[in-house]
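Colleague: First the structure, which I've put down as C-alpha cells, then a few questions once you've had a look.
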Number of protein chains: 2
Amino acid sequence: MRLSRYFLPVLKETPSEAQIASHRLMLRAGMIKQQAAGIYSWLPLGYKVLKNIERIVHEEQQRAGHIPILMPTLQSADLWRESGRYDDYGQEMLRITDRHGRDMLYGPTNEEMVTDIFRAHVGSYKDLPLTLYHIQWKFRDEIRPRFGVMRGREFFMKDGYNFDLTREDALHAYNRHLVSYLRTYERMGLQAIPMRADGGPIGGDYTHEFLVLAETGESEVFYDSEITDLKFGDREIDYDSVEACQAVLEEFTSRYARTDETHDEALFNEIPEERRRVARGIEVGQIFYFGTKYSEAMGATVQDSDGNKVPVEMGSHGIGVSRLVGALIEANHDDKGIIWPEGVTPFHCGIVNLKQGDDEADAACETLYKALTAAGLEPLYDDRNERAGGKFATMDLIGLPWRITVGPRGLKNGVVELTSRRTGESEELAPEAAVAKVREIYGV
Amino acid sequence: MRLSRYFLPVLKETPSEAQIASHRLMLRAGMIKQQAAGIYSWLPLGYKVLKNIERIVHEEQQRAGHIPILMPTLQSADLWRESGRYDDYGQEMLRITDRHGRDMLYGPTNEEMVTDIFRAHVGSYKDLPLTLYHIQWKFRDEIRPRFGVMRGREFFMKDGYNFDLTREDALHAYNRHLVSYLRTYERMGLQAIPMRADGGPIGGDYTHEFLVLAETGESEVFYDSEITDLKFGDREIDYDSVEACQAVLEEFTSRYARTDETHDEALFNEIPEERRRVARGIEVGQIFYFGTKYSEAMGATVQDSDGNKVPVEMGSHGIGVSRLVGALIEANHDDKGIIWPEGVTPFHCGIVNLKQGDDEADAACETLYKALTAAGLEPLYDDRNERAGGKFATMDLIGLPWRITVGPRGLKNGVVELTSRRTGESEELAPEAAVAKVREIYGV
C-alpha cells in the first residue's frame, strides 16, 4: 500500500479520554474511532490487525477439527427463556423489541442458540464428537464502557461449543481447546497463561481463563514464576489423542496460577517464596466444561449405543478477538508507539523514502515495493512529501516491526537501511539483501 | 473435509415454509437454520459459500483501490438526526434503547456514520479521492420477511462510500464501482445486468441496480436482448483511467434495461420487437451518486486548492452478500439440487467411495483426497457407510460442481469416474488424471 493513497488518520495529540496505553495508541495510530460509548469503527489499520487475529483464530480452530458456522447477532428472547437466562441475565443484556412487539436481544453469547441448532439436527451418538464455533459481533451493555476496545459494548468474539456423549469425551474437548488456545496466542506473539477461574454466568466448575500479563490488566493474578518459562512452541500434536492433549493440560496447569476470584493464599504460600508472583493480567479467553446444564434445560439429547436418550455433554470456549488488539498493544509498546509482533502486524514492513521526488530514491523504493509485493508481502510505502522526521514518527507510532529507509546518500554506496522497531537496531544492506532478509523473517 | 467428521444436516423432506427454490434448497442442503423471522444461522456449508462471496467482493474492491474498514452494527440515533433520516426512515429501522435510555439503532446502511468518520479526519482536497467500504451485518425490520436469505431481516452487505472533490471525480468513482461490480459478479459465475433505477431512501438521481435474471425475481425487468451478450471477461482495466471506466459504463448501460420502477414504455418500444424482453430479476447490488446530500447536512467539507471550504461529493454502493447466496441458487439449480459455479463452490469437488471399508477403494480415496488437498484444493470426501444412491443424492443436492466416484469395479481397470454436476457427463480416468483435470479446472 502506498501511504499517499491510504487512509491513516494519525493524531498528533494524545486524546484526553484514553486512560490506558492501548486505547491511547489505537486512537493516535488511526486504528479506531469511537461512534458511541463502547462502540467503535475500525479504521483501515485497526481493521487489518483485527482480521489478522481473526484469521489466526480460524486457522487454529480448524486445525483442531472444529467446524465454523455463523450465528446471527440478534436472538429471540424465547430461546433464553428456555434456559432461564433471560431473567437471570442483568442489564448487560441489550433487550430489543421488534416492530411486531416480539422480544429480541443482541446476543452476548450463544449457548442457547447453538444448543437449538444441535437439538434440531443431531440425534445419534454416531454424529459425535462435534465442535461448532463462530466469530461474530456480540453486545454487552456495560454500565461504564472504558479502555477502548478492551471493555467495549459491541465486541468481536470467537465462541465455540463442544457436544459429546460422555463426560470423558467432553473433557477431552476441553483439553483440545486448551491446546489450540496456547497455539493461537503464541502465533500472535503473546504469552497467555491458563489460570483457574470462576464459572460466572456461563456456569460450570471446570474452567480456565487465559491471561496476558500487563500492568494495566483488570485482574490481579497470582502465579508460580516457573509458568512463564513454558512454551508450546513448534511441537506437533494429534488433537484426536486424549493422552497428548491431557499431557499438555497438565504441563500448563499443574503449577499455581489463579486470578483473585479463585486465589487461595494458603496454597500460594506453599510455593517457594522466590517463585511467588503477584501481578496484573488481561483476560483474553476462557474455556468451560459445564456438562448437561443447557442440554437438559433445552432437551438436547442423543441416542447412545443402547438406544437410550441422554442429554449431550457440552462446554463453551471463547477468545476475545477485538479485545486481543488492545491486549497485544498493552504487551507490545514503548513511548514512541506500538510494536507489532510479526504474526499480527498490519503491514509486514514500512518503506521510508527520505527524499520523495529524487529520481534515484523513488526508483529504489519502487523496486523494493514491487519485490516485496511479488514475494507475497504487504509493505506500507511512505511516498508522501514529508520530512524524514515526520515519516519516522509515523512508522514508530503505527509499529510495523521492520522499516527499510531509502535515501540518496545510502544509495550512492549501494545500500538501504533495515531497522527493527523492537530493538531499534539498524543494518545497512544492498536493497536485494534487505528484501531477502524481510522474506526470511516472514518465511516467504 | 471428511463427511464423517463434518456437520452437514441435509433434510430428506422439502420444508413447507419455503416458497422459492433457493430457500428450499438452502434448508434441504443444511446451509441455514431459521432462528427467528428473517434471521438465520449459517450452518457449515452455507457459511463457506457466504465467505467465498465475501472474499471475492473484498478482492475486487481492493483491486479497484477501495479501502476496507469496519463500522459497528449499532449506531447512535443522534447521527441519523443530523441527516434527518431518523424521522424519515419508517418502521424498517430497528430502534433500540440502551440501559442509560439513549436512542440507538441497528444500522440498515451507513451513509451517516462514514460521513462522520470522514469529517473527523479529512480536511483537504489533497487526501482525495477516497473510497471506504465495509462488509458488515445490517438489519431491516421487514414487515414480512420471506424467501429465506433473499429478504431476511439481518443481512450481510458490502457498502462502500466515495469521497471526491468534484462532481466529475465522483462520477468517475461511480463508474469505477460499476466496472468492479461487473467483475465481481462474473467471478461468481453470475450475469448481473446494470439497470437504470430509482434513488429510494438513499437519495440520488444517478443510480443503477444490478439484476440477475430469474423467474422468482421480485422485480419485473425490461431490456434489450443484446445486453445479455455483453461480457466483461478477462480484460485488464486501469481503474485510475477516467476514459477506460467511462467506456465500460457506456458499453454496459447504453442499451435499454430498466426495472418496473423506471420503465418507459415508449422508449422500450423503440427497440426492434425481436430484441424486447420482459422478465423477472433479483437485485444483487446498487450504486448511487448523490453529490452533497449528506456532506452538506453533516458538515463534511474539504479545503480546495484555493483555500475554500466545499462540501465533499459522495456516492454509495452496495452488494448484497448474503442475498447473493440465494440469487446464485435461483440462477443455478435443477430438480436434484444446487449447481454451484466454480467461483463460489463450498468444496471444489466431492469424492464418493462406493464401497467404504473395501481396502482398495478406501486407499484410492485417501490418495485422491491427499493429492487434491496438497494442490490447495478442498475436496469433500463422503467416507460414510451409506449406499451409493444416498451418497449421490447428497452430492447432487449440495451441488459441488465436480464429483469423483471411486469403486472396486473401476479400480480393477485402473479408473475412477469424474462427473460434472452441471452437464451430468462422466468420464473414466486414471486417478492421477482425474486430479490433474480438477486442478486444471481450478487453475492450481
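In the C-alpha cells, each chain is lettered A, B, ... as it comes, each chain's residues begin at 1, and ligands are numbered from 1 in order of appearance.
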Mind dumping a table of every stretch 152-233 of chain A residue within 7 Å of stretch 329-347 of chain A, with the nearest atom pair and its distance in Å to one decimal, using only C-alpha atoms, sorted by chain and rising number, as a Markdown table?

Modeller:
| residue | atom | partner | partner_atom | distance |
| --- | --- | --- | --- | --- |
| A:Arg187 | CA | A:Gly343 | CA | 6.0 |
| A:Met188 | CA | A:Gly343 | CA | 5.0 |
| A:Gly189 | CA | A:Pro341 | CA | 5.6 |
| A:Ala214 | CA | A:Ala331 | CA | 6.1 |

Colleague: Please produce an output containing all heavy atoms for each residue in the selection, written as a PDB file, in the first residue's frame.

Modeller:
ATOM      1  N   ARG A 187       1.075 -17.832  18.380  1.00  0.00           N
ATOM      2  CA  ARG A 187       1.220 -17.358  16.985  1.00  0.00           C
ATOM      3  C   ARG A 187       1.086 -15.850  16.892  1.00  0.00           C
ATOM      4  O   ARG A 187       1.569 -15.221  15.959  1.00  0.00           O
ATOM      5  CB  ARG A 187       0.167 -18.011  16.084  1.00  0.00           C
ATOM      6  CG  ARG A 187       0.600 -19.349  15.562  1.00  0.00           C
ATOM      7  CD  ARG A 187      -0.387 -19.865  14.536  1.00  0.00           C
ATOM      8  NE  ARG A 187      -0.448 -19.044  13.329  1.00  0.00           N
ATOM      9  CZ  ARG A 187      -1.307 -19.261  12.344  1.00  0.00           C
ATOM     10  NH1 ARG A 187      -2.173 -20.251  12.426  1.00  0.00           N
ATOM     11  NH2 ARG A 187      -1.306 -18.480  11.269  1.00  0.00           N
ATOM     12  N   MET A 188       0.354 -15.258  17.829  1.00  0.00           N
ATOM     13  CA  MET A 188       0.194 -13.796  17.839  1.00  0.00           C
ATOM     14  C   MET A 188       1.342 -13.117  18.579  1.00  0.00           C
ATOM     15  O   MET A 188       1.348 -11.898  18.704  1.00  0.00           O
ATOM     16  CB  MET A 188      -1.113 -13.432  18.548  1.00  0.00           C
ATOM     17  CG  MET A 188      -2.335 -13.938  17.849  1.00  0.00           C
ATOM     18  SD  MET A 188      -3.810 -13.584  18.844  1.00  0.00           S
ATOM     19  CE  MET A 188      -4.997 -14.620  17.967  1.00  0.00           C
ATOM     20  N   GLY A 189       2.281 -13.932  19.094  1.00  0.00           N
ATOM     21  CA  GLY A 189       3.392 -13.342  19.835  1.00  0.00           C
ATOM     22  C   GLY A 189       3.028 -13.017  21.277  1.00  0.00           C
ATOM     23  O   GLY A 189       3.670 -12.196  21.913  1.00  0.00           O
ATOM     24  N   ALA A 214       0.071  -7.810  32.140  1.00  0.00           N
ATOM     25  CA  ALA A 214       0.220  -6.409  31.741  1.00  0.00           C
ATOM     26  C   ALA A 214      -0.159  -5.544  32.928  1.00  0.00           C
ATOM     27  O   ALA A 214      -1.125  -5.852  33.645  1.00  0.00           O
ATOM     28  CB  ALA A 214      -0.682  -6.083  30.551  1.00  0.00           C
TER      29      ALA A 214
END

Colleague: For chain B versus chain A, which residues have an atom no more than 7 Å away, and what is each residue's nearest atom pair and distance in Å rounded to one decimal, using only C-alpha atoms, chain-then-number order, as a tab-separated table?

Modeller:
residue	atom	partner	partner_atom	distance
B:Pro9	CA	A:His121	CA	6.0
B:Ala36	CA	A:Ser76	CA	6.3
B:Ile39	CA	A:Pro72	CA	6.8
B:Tyr40	CA	A:Pro72	CA	6.2
B:Ser41	CA	A:Met71	CA	4.3
B:Trp42	CA	A:Leu70	CA	4.9
B:Leu43	CA	A:Ile69	CA	5.0
B:Pro44	CA	A:Ile69	CA	4.9
B:Tyr47	CA	A:Ile69	CA	5.7
B:Ile67	CA	A:Pro44	CA	6.8
B:Pro68	CA	A:Pro44	CA	5.9
B:Ile69	CA	A:Pro44	CA	4.9
B:Leu70	CA	A:Trp42	CA	4.9
B:Met71	CA	A:Ser41	CA	4.3
B:Pro72	CA	A:Ser41	CA	5.8
B:Ser76	CA	A:Ala36	CA	6.3
B:Gln91	CA	A:Arg99	CA	6.6
B:Leu94	CA	A:Asp98	CA	6.6
B:Ile96	CA	A:Ile96	CA	5.9
B:Asp98	CA	A:Leu94	CA	6.6
B:Arg99	CA	A:Gln91	CA	6.6
B:His121	CA	A:Pro9	CA	6.0
B:Asp141	CA	A:Arg99	CA	6.9

Colleague: Where does DSSP see alpha helix (DSSP H) in stretch 30-118 of chain B, if you list the residues as an MDAnalysis selection string?

Modeller: chainID B and resid 44:63 77:83 85:88 111:118

Colleague: Just want the 12 Å neighbourhood of A:Thr367, counted on only C-alpha atoms, with same-chain residues fewer than 3 positions away dropped. Output as a list in words.

Modeller: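 Final neighbour list, sorted by chain and number: Ile351, Glu360, Ala361, Asp362, Ala363, Ala364, Lys370, Ala371, Leu372, Thr373, Ala374, Pro379, Tyr381, Val406, Pro431, Glu432, Ala434 and Val435 of chain A.
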
Colleague: Could you jot down the atom CA of B:Ala266 to atom CA of B:Val278 separation for me, Å, one decimal place?

Modeller: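 Calculated distance between atom CA of B:Ala266 and atom CA of B:Val278 is 14.3 Å.
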
Colleague: As a ChimeraX atom specification, please: all residues of stretch 96-139 of chain A that backbone DSSP puts in strand (DSSP E or B).

Modeller: /A:96-97,103-106,124,130-139

Colleague: Those same residues, written as a PDB file, in the first residue's frame with C-alpha atoms?

Modeller:
ATOM      1  CA  ILE A  96     -34.866  -5.161  21.894  1.00  0.00           C
ATOM      2  CA  THR A  97     -38.477  -5.120  20.745  1.00  0.00           C
ATOM      3  CA  ASP A 103     -38.864  -9.662  22.482  1.00  0.00           C
ATOM      4  CA  MET A 104     -35.410  -9.984  20.992  1.00  0.00           C
ATOM      5  CA  LEU A 105     -31.899  -9.449  22.305  1.00  0.00           C
ATOM      6  CA  TYR A 106     -28.433  -8.745  20.955  1.00  0.00           C
ATOM      7  CA  SER A 124     -27.391 -40.005  17.477  1.00  0.00           C
ATOM      8  CA  LEU A 130     -18.867 -32.293  17.313  1.00  0.00           C
ATOM      9  CA  THR A 131     -17.477 -28.839  17.975  1.00  0.00           C
ATOM     10  CA  LEU A 132     -19.082 -25.852  16.280  1.00  0.00           C
ATOM     11  CA  TYR A 133     -17.702 -22.335  16.596  1.00  0.00           C
ATOM     12  CA  HIS A 134     -18.243 -18.898  15.153  1.00  0.00           C
ATOM     13  CA  ILE A 135     -16.598 -15.492  15.249  1.00  0.00           C
ATOM     14  CA  GLN A 136     -19.307 -12.888  15.465  1.00  0.00           C
ATOM     15  CA  TRP A 137     -20.099  -9.461  16.932  1.00  0.00           C
ATOM     16  CA  LYS A 138     -21.656  -9.528  20.368  1.00  0.00           C
ATOM     17  CA  PHE A 139     -23.019  -6.910  22.699  1.00  0.00           C
TER      18      PHE A 139
END

Colleague: Atom CA of A:Glu54 and atom CA of A:Leu211 are how many Å apart?

Modeller: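 About the pair atom CA of A:Glu54 and atom CA of A:Leu211: they are 18.4 Å apart.
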
Colleague: Measuring atom to atom with only C-alpha atoms, identify which of A:Leu182, A:Pro408, A:Lys391, A:Thr259 is nearest to A:Arg235.

Modeller: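 The answer is A:Leu182, which sits nearest to A:Arg235.
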
Colleague: Provide the atom CA of A:Ala375 to atom CA of A:Leu411 distance in Å, to one decimal place.

Modeller: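 Here the two named atoms are 22.6 Å from each other.
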